[in-house]
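Structure data follow from run-v8.tsv (TSV, C-alpha atoms):
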chain	number	residue	atom	x	y	z
A	1	MET	CA	-59.74	39.03	-21.00
A	2	GLN	CA	-60.11	41.26	-24.02
A	3	VAL	CA	-56.97	41.83	-26.06
A	4	HIS	CA	-56.54	43.80	-29.26
A	5	ARG	CA	-56.01	41.43	-32.13
A	6	SER	CA	-53.55	43.94	-33.61
A	7	ALA	CA	-51.37	43.61	-30.50
A	8	LEU	CA	-51.09	39.87	-30.97
A	9	THR	CA	-50.19	40.19	-34.64
A	10	LYS	CA	-47.52	42.91	-34.47
A	11	GLU	CA	-45.01	40.35	-35.65
A	12	LYS	CA	-45.31	36.90	-37.17
A	13	SER	CA	-46.41	34.40	-34.51
A	14	THR	CA	-48.75	31.52	-33.89
A	15	PHE	CA	-51.54	34.03	-33.28
A	16	GLU	CA	-51.25	35.41	-36.80
A	17	SER	CA	-51.76	31.92	-38.21
A	18	MET	CA	-54.57	31.29	-35.74
A	19	PHE	CA	-56.47	34.43	-36.75
A	20	SER	CA	-55.91	33.71	-40.42
A	21	LEU	CA	-57.41	30.26	-39.94
A	22	ASP	CA	-60.34	31.74	-38.03
A	23	SER	CA	-61.04	34.13	-40.92
A	24	ASP	CA	-61.11	31.24	-43.36
A	25	LEU	CA	-63.46	29.30	-41.13
A	26	ARG	CA	-65.67	32.34	-40.60
A	27	SER	CA	-66.12	32.81	-44.33
A	28	SER	CA	-66.84	29.16	-45.01
A	29	THR	CA	-68.99	28.13	-42.02
A	30	CYS	CA	-72.13	29.30	-40.34
A	31	SER	CA	-72.78	29.89	-36.68
A	32	THR	CA	-74.05	26.95	-34.63
A	33	ILE	CA	-76.32	26.64	-31.61
A	34	ASN	CA	-74.83	25.12	-28.47
A	35	ASN	CA	-76.59	22.98	-25.85
A	36	SER	CA	-77.89	26.08	-24.09
A	37	GLY	CA	-79.58	27.36	-27.19
A	38	VAL	CA	-77.07	30.17	-27.68
A	39	THR	CA	-75.80	30.97	-31.15
A	40	VAL	CA	-72.07	30.36	-31.26
A	41	GLY	CA	-69.72	31.65	-33.96
A	42	PRO	CA	-65.96	31.21	-34.35
A	43	GLU	CA	-63.85	31.54	-31.18
A	44	GLY	CA	-63.03	35.14	-30.33
A	45	GLU	CA	-66.21	36.62	-31.84
A	46	SER	CA	-67.75	37.42	-28.46
A	47	ASP	CA	-67.13	37.40	-24.72
A	48	ASP	CA	-69.28	34.29	-24.48
A	49	ASN	CA	-67.04	32.42	-26.91
A	50	PRO	CA	-63.42	33.52	-26.30
A	51	ILE	CA	-60.28	32.01	-27.78
A	52	ARG	CA	-59.14	29.43	-25.27
A	53	LEU	CA	-55.42	28.97	-24.70
A	54	HIS	CA	-54.31	25.76	-23.04
A	55	GLY	CA	-51.27	25.15	-20.85
A	56	ASP	CA	-50.43	28.79	-20.15
A	57	SER	CA	-50.41	30.31	-16.68
A	58	ALA	CA	-52.02	33.65	-15.95
A	59	ASP	CA	-48.61	35.10	-15.05
A	60	GLU	CA	-47.15	34.01	-18.39
A	61	PHE	CA	-49.98	35.61	-20.36
A	62	ARG	CA	-49.73	38.80	-18.29
A	63	SER	CA	-46.03	38.94	-19.16
A	64	LEU	CA	-46.85	38.56	-22.84
A	65	LEU	CA	-49.37	41.41	-22.68
A	66	TRP	CA	-46.85	43.50	-20.76
A	67	ALA	CA	-44.39	43.00	-23.59
A	68	LEU	CA	-46.86	43.61	-26.37
A	69	TYR	CA	-48.44	46.73	-24.86
A	70	ALA	CA	-45.77	48.30	-22.66
A	71	LEU	CA	-42.68	47.53	-24.68
A	72	TYR	CA	-43.96	48.09	-28.19
A	73	VAL	CA	-45.25	51.46	-27.11
A	74	HIS	CA	-41.72	52.51	-26.18
A	75	PHE	CA	-39.75	50.89	-28.99
A	76	PRO	CA	-40.30	50.17	-32.67
A	77	LEU	CA	-40.25	46.55	-33.81
A	78	ALA	CA	-36.77	47.06	-35.25
A	79	SER	CA	-35.41	47.53	-31.71
A	80	TRP	CA	-36.52	44.02	-30.82
A	81	ARG	CA	-34.84	42.55	-33.84
A	82	CYS	CA	-31.39	43.86	-33.01
A	83	HIS	CA	-28.99	40.95	-32.88
A	84	LYS	CA	-27.51	42.32	-29.65
A	85	PRO	CA	-29.97	44.67	-27.92
A	86	HIS	CA	-28.39	47.72	-26.32
A	87	ALA	CA	-28.64	48.23	-22.58
A	88	HIS	CA	-30.99	51.20	-23.06
A	89	HIS	CA	-33.46	49.04	-25.00
A	90	ARG	CA	-35.63	48.46	-21.97
A	91	PRO	CA	-38.78	50.11	-20.67
A	92	HIS	CA	-39.02	51.87	-17.36
A	93	GLU	CA	-40.84	48.81	-15.96
A	94	LEU	CA	-37.50	46.96	-15.82
A	95	GLU	CA	-36.00	49.65	-13.64
A	96	GLY	CA	-36.77	51.37	-10.38
A	97	ALA	CA	-39.94	49.91	-8.88
A	98	MET	CA	-39.40	46.27	-9.87
A	99	THR	CA	-37.29	44.06	-7.63
A	100	ALA	CA	-34.65	41.71	-9.02
A	101	LYS	CA	-36.96	38.79	-8.24
A	102	ALA	CA	-39.90	40.37	-10.06
A	103	ILE	CA	-37.75	41.16	-13.10
A	104	SER	CA	-36.39	37.60	-13.26
A	105	LEU	CA	-39.86	36.07	-12.97
A	106	LYS	CA	-41.34	38.36	-15.58
A	107	LEU	CA	-38.56	37.64	-18.05
A	108	PHE	CA	-38.79	33.91	-17.35
A	109	ASN	CA	-42.55	33.84	-17.98
A	110	LEU	CA	-42.11	36.02	-21.05
A	111	ALA	CA	-39.46	33.77	-22.56
A	112	ARG	CA	-41.57	30.64	-22.02
A	113	ILE	CA	-44.75	31.96	-23.59
A	114	THR	CA	-43.07	33.78	-26.48
A	115	HIS	CA	-41.20	30.58	-27.32
A	116	LYS	CA	-44.48	28.67	-27.38
A	117	TYR	CA	-46.26	31.18	-29.61
A	118	GLU	CA	-43.18	31.98	-31.72
A	119	PHE	CA	-42.72	35.67	-30.91
A	120	ARG	CA	-39.07	35.22	-31.83
A	121	ALA	CA	-37.87	38.81	-31.44
A	122	ILE	CA	-39.37	39.18	-27.97
A	123	GLU	CA	-38.18	35.71	-26.96
A	124	ASN	CA	-34.59	36.57	-27.93
A	125	TRP	CA	-34.81	39.85	-26.04
A	126	ALA	CA	-36.09	38.16	-22.87
A	127	LEU	CA	-33.44	35.43	-23.07
A	128	ASP	CA	-30.68	38.00	-23.53
A	129	LYS	CA	-31.87	39.82	-20.40
A	130	LEU	CA	-31.96	36.56	-18.43
A	131	LYS	CA	-28.41	35.78	-19.58
A	132	THR	CA	-27.31	39.20	-18.37
A	133	ILE	CA	-28.77	38.46	-14.94
A	134	TYR	CA	-27.66	34.86	-14.48
A	135	MET	CA	-24.23	35.02	-16.12
A	136	ARG	CA	-23.07	37.98	-14.06
A	137	PRO	CA	-20.86	36.87	-11.12
A	138	VAL	CA	-22.36	39.51	-8.84
A	139	HIS	CA	-25.68	37.64	-9.07
A	140	SER	CA	-24.30	34.35	-7.78
A	141	HIS	CA	-26.68	34.65	-4.82
A	142	ILE	CA	-29.52	34.01	-7.24
A	143	ASP	CA	-28.90	30.29	-6.64
A	144	ASP	CA	-31.05	30.79	-3.55
A	145	ALA	CA	-34.11	31.40	-5.71
A	146	GLU	CA	-34.19	35.01	-6.77
A	147	GLY	CA	-36.79	34.65	-9.48
A	148	PRO	CA	-37.37	31.30	-11.17
A	149	ASN	CA	-35.80	28.35	-9.41
A	150	LEU	CA	-32.85	26.56	-10.91
A	151	VAL	CA	-34.91	23.68	-12.27
A	152	GLN	CA	-37.21	26.11	-14.10
A	153	LEU	CA	-34.28	28.09	-15.46
A	154	THR	CA	-32.56	24.94	-16.73
A	155	GLU	CA	-35.76	23.69	-18.35
A	156	LEU	CA	-36.24	27.05	-20.08
A	157	ALA	CA	-32.66	27.12	-21.39
A	158	SER	CA	-33.08	23.58	-22.73
A	159	LEU	CA	-36.51	24.31	-24.23
A	160	CYS	CA	-35.23	27.40	-26.04
A	161	GLU	CA	-31.91	25.76	-26.96
A	162	GLN	CA	-30.10	28.67	-25.32
A	163	ARG	CA	-26.60	27.28	-24.83
A	164	ASP	CA	-25.11	30.19	-22.86
A	165	LEU	CA	-27.98	30.23	-20.38
A	166	LEU	CA	-27.87	26.43	-20.10
A	167	ASP	CA	-24.14	26.56	-19.37
A	168	ALA	CA	-24.75	29.18	-16.66
A	169	ALA	CA	-27.47	27.03	-15.09
A	170	THR	CA	-25.28	23.92	-15.33
A	171	ALA	CA	-22.42	25.72	-13.57
A	172	ARG	CA	-24.79	26.53	-10.70
A	173	TRP	CA	-25.93	22.91	-10.53
A	174	LYS	CA	-22.32	21.75	-10.35
A	175	ARG	CA	-21.62	24.06	-7.42
A	176	LEU	CA	-24.64	22.65	-5.60
A	177	ILE	CA	-23.68	19.05	-6.35
A	178	VAL	CA	-20.08	19.51	-5.21
A	179	SER	CA	-21.39	20.92	-1.93
A	180	GLY	CA	-23.75	17.94	-1.56
A	181	LYS	CA	-26.97	19.91	-2.05
A	182	ASP	CA	-30.00	18.93	-4.19
A	183	VAL	CA	-28.15	15.95	-5.68
A	184	ALA	CA	-31.27	13.78	-6.15
A	185	LEU	CA	-33.11	16.76	-7.63
A	186	ALA	CA	-30.26	17.22	-10.09
A	187	ILE	CA	-30.41	13.54	-11.09
A	188	GLY	CA	-34.11	13.75	-11.93
A	189	MET	CA	-33.76	17.01	-13.81
A	190	ALA	CA	-30.68	15.92	-15.77
A	191	GLU	CA	-32.35	12.65	-16.77
A	192	ARG	CA	-35.48	14.46	-17.93
A	193	LEU	CA	-33.51	16.93	-20.06
A	194	ASN	CA	-30.80	14.42	-21.09
A	195	LEU	CA	-27.94	16.55	-19.73
A	196	ARG	CA	-25.38	13.75	-19.73
A	197	SER	CA	-22.36	15.46	-18.16
A	198	LEU	CA	-24.45	16.87	-15.31
A	199	LEU	CA	-26.23	13.53	-14.86
A	200	GLY	CA	-22.96	11.66	-14.45
A	201	LEU	CA	-21.65	14.18	-11.94
A	202	ALA	CA	-24.88	14.00	-9.91
A	203	TYR	CA	-24.95	10.20	-9.89
A	204	HIS	CA	-21.30	10.10	-8.84
A	205	ALA	CA	-21.93	12.56	-6.01
A	206	MET	CA	-24.92	10.52	-4.81
A	207	LEU	CA	-22.83	7.33	-5.08
A	208	LEU	CA	-20.28	8.77	-2.67
A	209	GLN	CA	-22.96	9.72	-0.15
A	210	GLY	CA	-23.56	6.04	0.48
A	211	ARG	CA	-26.32	3.46	0.55
A	212	GLU	CA	-28.00	4.88	3.66
A	213	VAL	CA	-28.64	8.15	1.85
A	214	TRP	CA	-29.91	6.45	-1.32
A	215	ASP	CA	-32.43	4.39	0.63
A	216	THR	CA	-33.88	7.37	2.49
A	217	ASP	CA	-33.93	10.07	-0.21
A	218	GLN	CA	-37.57	10.29	-1.32
A	219	LEU	CA	-36.65	11.80	-4.70
A	220	LEU	CA	-34.82	8.62	-5.72
A	221	THR	CA	-36.77	5.79	-7.33
A	222	ARG	CA	-36.01	2.08	-7.37
A	223	THR	CA	-34.56	2.57	-10.87
A	224	HIS	CA	-32.19	5.25	-9.55
A	225	ARG	CA	-30.97	2.92	-6.81
A	226	ILE	CA	-30.37	0.11	-9.29
A	227	ARG	CA	-28.33	2.48	-11.43
A	228	LEU	CA	-26.31	3.57	-8.40
A	229	LEU	CA	-25.49	-0.05	-7.59
A	230	SER	CA	-24.55	-0.63	-11.22
A	231	GLY	CA	-22.34	2.47	-11.18
A	232	HIS	CA	-20.66	1.39	-7.97
A	233	TYR	CA	-19.69	-1.94	-9.53
A	234	ALA	CA	-18.63	-0.51	-12.91
A	235	LEU	CA	-16.56	2.34	-11.49
A	236	GLY	CA	-14.94	0.05	-8.94
A	237	ARG	CA	-13.84	-2.30	-11.70
A	238	LEU	CA	-12.58	0.67	-13.73
A	239	GLY	CA	-10.51	1.78	-10.75
A	240	GLU	CA	-8.94	-1.67	-10.57
A	241	ARG	CA	-8.02	-1.64	-14.27
A	242	LEU	CA	-6.70	1.91	-14.50
A	243	PRO	CA	-3.18	1.37	-13.10
A	244	SER	CA	-2.45	-1.20	-15.84
A	245	GLU	CA	-3.98	0.91	-18.65
A	246	PRO	CA	-1.94	4.11	-19.07
A	247	PRO	CA	-3.38	6.61	-21.57
A	248	LEU	CA	-1.61	7.13	-24.88
A	249	LEU	CA	1.42	9.38	-24.50
A	250	GLN	CA	2.22	11.85	-27.27
A	251	HIS	CA	6.00	11.85	-27.53
A	252	HIS	CA	8.25	14.86	-28.00
A	253	PRO	CA	9.83	15.05	-31.51
A	254	ARG	CA	13.21	14.28	-29.95
A	255	CYS	CA	11.86	11.10	-28.33
A	256	THR	CA	12.34	8.49	-31.08
A	257	GLY	CA	13.58	4.97	-31.65
A	258	SER	CA	14.91	3.11	-28.64
A	259	ALA	CA	14.50	6.25	-26.52
A	260	GLN	CA	10.78	6.13	-27.21
A	261	VAL	CA	10.60	2.46	-26.24
A	262	ARG	CA	12.26	3.27	-22.91
A	263	CYS	CA	9.98	6.30	-22.52
A	264	ASN	CA	6.85	4.16	-22.97
A	265	GLN	CA	8.10	1.67	-20.42
A	266	ALA	CA	8.89	4.47	-17.98
A	267	TRP	CA	5.48	6.03	-18.60
A	268	ALA	CA	3.68	2.78	-17.76
A	269	GLY	CA	5.63	2.53	-14.51
A	270	LEU	CA	5.11	6.18	-13.70
A	271	TRP	CA	1.36	5.92	-14.34
A	272	ARG	CA	0.99	2.91	-12.05
A	273	SER	CA	3.20	4.42	-9.34
A	274	THR	CA	1.36	7.73	-9.49
A	275	LEU	CA	-2.04	6.11	-8.99
A	276	ASP	CA	-0.66	3.89	-6.22
A	277	MET	CA	0.94	6.84	-4.42
A	278	GLY	CA	-2.31	8.75	-4.66
A	279	LYS	CA	-4.27	5.74	-3.41
A	280	HIS	CA	-2.12	5.43	-0.32
A	281	GLY	CA	-2.10	9.15	0.34
A	282	LEU	CA	-5.79	9.60	1.26
A	283	PRO	CA	-8.57	7.13	2.14
A	284	LEU	CA	-10.89	7.13	-0.88
A	285	GLN	CA	-13.97	5.04	-1.53
A	286	TYR	CA	-13.64	1.98	-3.73
A	287	ALA	CA	-15.73	3.48	-6.56
A	288	ASP	CA	-14.37	7.03	-6.34
A	289	VAL	CA	-12.44	6.88	-9.62
A	290	ILE	CA	-12.66	10.63	-10.09
A	291	GLY	CA	-11.11	11.26	-6.67
A	292	LYS	CA	-8.34	8.75	-7.38
A	293	MET	CA	-7.60	10.30	-10.77
A	294	MET	CA	-7.54	13.84	-9.37
A	295	LEU	CA	-5.20	12.73	-6.60
A	296	GLY	CA	-3.02	10.92	-9.13
A	297	GLU	CA	-2.88	14.01	-11.33
A	298	SER	CA	-1.78	16.13	-8.37
A	299	THR	CA	0.87	13.55	-7.46
A	300	LEU	CA	2.23	13.49	-11.01
A	301	LYS	CA	2.41	17.28	-11.10
A	302	ALA	CA	4.30	17.27	-7.80
A	303	LEU	CA	6.76	14.70	-9.21
A	304	ILE	CA	7.38	16.69	-12.39
A	305	GLU	CA	7.90	19.91	-10.45
A	306	ARG	CA	10.25	18.09	-8.04
A	307	GLU	CA	8.06	18.89	-5.05
A	308	ILE	CA	8.38	15.24	-3.95
A	309	PRO	CA	11.20	12.74	-4.59
A	310	THR	CA	10.99	11.09	-8.03
A	311	HIS	CA	13.01	7.96	-7.15
A	312	GLY	CA	14.18	7.79	-10.77
A	313	LEU	CA	10.65	7.52	-12.21
A	314	LEU	CA	11.26	10.35	-14.67
A	315	ASP	CA	14.82	9.51	-15.71
A	316	ALA	CA	13.86	7.61	-18.89
A	317	MET	CA	11.48	10.28	-20.20
A	318	PRO	CA	13.42	13.57	-20.16
A	319	TRP	CA	11.44	15.20	-22.99
A	320	CYS	CA	7.93	13.83	-22.35
A	321	LYS	CA	7.22	14.71	-18.72
A	322	GLU	CA	4.84	17.55	-19.55
A	323	ASN	CA	3.09	15.37	-22.13
A	324	ALA	CA	2.51	12.80	-19.39
A	325	LEU	CA	0.66	15.44	-17.41
A	326	VAL	CA	-1.43	16.34	-20.47
A	327	ALA	CA	-2.29	12.66	-21.02
A	328	THR	CA	-3.36	12.31	-17.39
A	329	ALA	CA	-5.58	15.40	-17.55
A	330	GLY	CA	-7.10	14.09	-20.78
A	331	LYS	CA	-7.91	10.73	-19.16
A	332	LEU	CA	-9.53	12.44	-16.19
A	333	LYS	CA	-11.69	14.57	-18.49
A	334	GLU	CA	-12.64	11.50	-20.54
A	335	ILE	CA	-13.87	9.68	-17.43
A	336	GLN	CA	-15.71	12.73	-16.12
A	337	GLU	CA	-17.54	13.24	-19.41
A	338	SER	CA	-18.56	9.58	-19.64
A	339	LEU	CA	-19.65	9.12	-16.01
A	340	ALA	CA	-23.33	8.81	-16.92
A	341	ASP	CA	-22.55	5.73	-19.01
A	342	TYR	CA	-21.60	3.79	-15.88
A	343	PHE	CA	-24.97	4.30	-14.20
A	344	ILE	CA	-27.16	2.05	-16.31
A	345	ASP	CA	-30.15	-0.22	-15.78
A	346	VAL	CA	-29.34	-3.85	-15.13
A	347	ALA	CA	-31.48	-6.25	-17.17
Take the structure I supplied and represent it as structure tokens, if you would.
Amino acid sequence: MQVHRSALTKEKSTFESMFSLDSDLRSSTCSTINNSGVTVGPEGESDDNPIRLHGDSADEFRSLLWALYALYVHFPLASWRCHKPHAHHRPHELEGAMTAKAISLKLFNLARITHKYEFRAIENWALDKLKTIYMRPVHSHIDDAEGPNLVQLTELASLCEQRDLLDAATARWKRLIVSGKDVALAIGMAERLNLRSLLGLAYHAMLLQGREVWDTDQLLTRTHRIRLLSGHYALGRLGERLPSEPPLLQHHPRCTGSAQVRCNQAWAGLWRSTLDMGKHGLPLQYADVIGKMMLGESTLKALIEREIPTHGLLDAMPWCKENALVATAGKLKEIQESLADYFIDVA
């Protein structure tokens, strides 16, 4: 494929450095003769000796050429460098004839290849457009593969260190995991990209599906199954310890001295009773610490709001009831964020 060198060097990129290096080599070396007896000069000098790009798909390179030729024709370089491109900064190719799927795929391919070759202005533009598509609630159906699939989108967001897009992709993964879909796929992807919060959530969801599912899911390896067994044991033990380990309670300014001593004692009893009431309310799996904590939090809220009888559990902490709820929510969040740490390899 013949491409104008000027198109590839409209802004600073890897190609500019590549061509500069070629010029230096051209001035300091002579042509050589290959095994077929053909005189060969520097790459890009002829159709017989093109510049070879490795690791790029044809669709990605077509998207790059589309950007360089179609978009630069319509807009000056300054338009690309706007910190927040305006909605009208788009060519007619992004409207009308192109489907939502085609637009998403083109932008995805464009973002990948411009990141690789350091076309920063175009990369930022493409990523902004993808964020517009995937962060808009009306496009929630895009989970079902309008454009790049969710694994590809997550990998792109991680590669480009695009936090907003990564958060949008992660939110979609969480919805899938909660509904029991693509859990093993999420485990593999989260491990590969080191997305710890998502990894813990996926492992926990797979844990609750049970041993029969682990043993038959072809996406899970022996290492995954060992980690699931390790997580089952560690989370089960955590669940046993939790009732006797209430989180630190931040006391109200009026709660001091002997009143604070009584408050701490009452809080320890309330914490244990809350988790016990939750445990007896619904049948939960032994290792489902998250379920137990969420049920305990709901029970505590119902006690504080007098939706269920308190049986004197709150009498000794008149000023710190709301702080108890905050402490419980904080403990739940702490466990959720550290879930991945419980699914470890056993030596």
Margin query: Is it possible to get the residues within 12 Å of (-39.2, 34.7, -18.4) (coordinates as in the file, counting only C-alpha atoms) written as a PyMOL selection string?
Written below: chain A and resi 59-64+66-67+101-115+122-131+133+147-149+152-157+160
Tell me which protein, DNA and RNA residues are within 7 Å of segment 324-334 of chain A, counting all atoms listed in the file, leaving out same-chain ones fewer than 6 positions away, and put them as a PDB file with C-alpha atoms, keeping the file's coordinate frame.
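Result file is out-v7.pdb:
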ATOM      1  CA  PRO A 247      -3.380   6.610 -21.570  1.00  0.00           C
ATOM      2  CA  LEU A 248      -1.610   7.130 -24.880  1.00  0.00           C
ATOM      3  CA  LEU A 249       1.420   9.380 -24.500  1.00  0.00           C
ATOM      4  CA  MET A 293      -7.600  10.300 -10.770  1.00  0.00           C
ATOM      5  CA  GLU A 297      -2.880  14.010 -11.330  1.00  0.00           C
ATOM      6  CA  LEU A 300       2.230  13.490 -11.010  1.00  0.00           C
ATOM      7  CA  LYS A 301       2.410  17.280 -11.100  1.00  0.00           C
TER       8      LYS A 301
END
Checklist line | Residue nearest Pro253 of chain A among A:Ser158, A:Gln336, A:Ser179, A:Asn323 (counting all atoms listed in the file) | finding: A:Asn323
Next item on the list: Take atom CA of Thr274 of chain A and atom CA of Thr299 of chain A and report the distance between them in Å, one decimal.
Entry: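 One can read the atom CA of Thr274 of chain A to atom CA of Thr299 of chain A distance as 6.2 Å.
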Note to self: Taking (5.1, 8.3, -19.3) as a centre in this file's frame and 7 Å as the limit, can you find every polymer residue with an atom that close, using all atoms listed in the file, and give them as a list in words?
What the structure shows: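 These residues have at least one counted atom within 7 Å: Leu249, Cys263, Asn264, Ala266, Trp267, Ala268, Leu270, Trp271, Met317, Cys320, Lys321 and Ala324 of chain A.
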Would you mind exporting C-alpha atoms of the selected residues as a CSV table (one decimal), in the frame of the given file?
chain,number,residue,atom,x,y,z
A,249,LEU,CA,1.4,9.4,-24.5
A,263,CYS,CA,10.0,6.3,-22.5
A,264,ASN,CA,6.8,4.2,-23.0
A,266,ALA,CA,8.9,4.5,-18.0
A,267,TRP,CA,5.5,6.0,-18.6
A,268,ALA,CA,3.7,2.8,-17.8
A,270,LEU,CA,5.1,6.2,-13.7
A,271,TRP,CA,1.4,5.9,-14.3
A,317,MET,CA,11.5,10.3,-20.2
A,320,CYS,CA,7.9,13.8,-22.4
A,321,LYS,CA,7.2,14.7,-18.7
A,324,ALA,CA,2.5,12.8,-19.4
Next item on the list: Can you work out the spacing between atom CA of Ala234 of chain A and atom CA of Lys292 of chain A in Å, to one decimal?
Entry: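 Interatomic distance, atom CA of Ala234 of chain A to atom CA of Lys292 of chain A: 14.9 Å.
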Margin query: As an exercise, work out the distance from atom CA of Ala70 of chain A to atom CA of Lys116 of chain A in Å and give it to one decimal place.
Written below: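 These atoms are spaced 20.2 Å apart.
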Item checked: segment 187-190 of chain A surroundings by all atoms listed in the file, 8 Å radius, close-in-sequence under 2 positions cut, as a count of residues only -> 14
Checklist line | Given only C-alpha atoms as the counted atoms, nearest of A:Leu220, A:Met135, A:Leu201, A:Ile226 to Val289 of chain A | finding: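 Comparing A:Leu220, A:Met135, A:Leu201, A:Ile226 against Val289 of chain A, the winner is A:Leu201.
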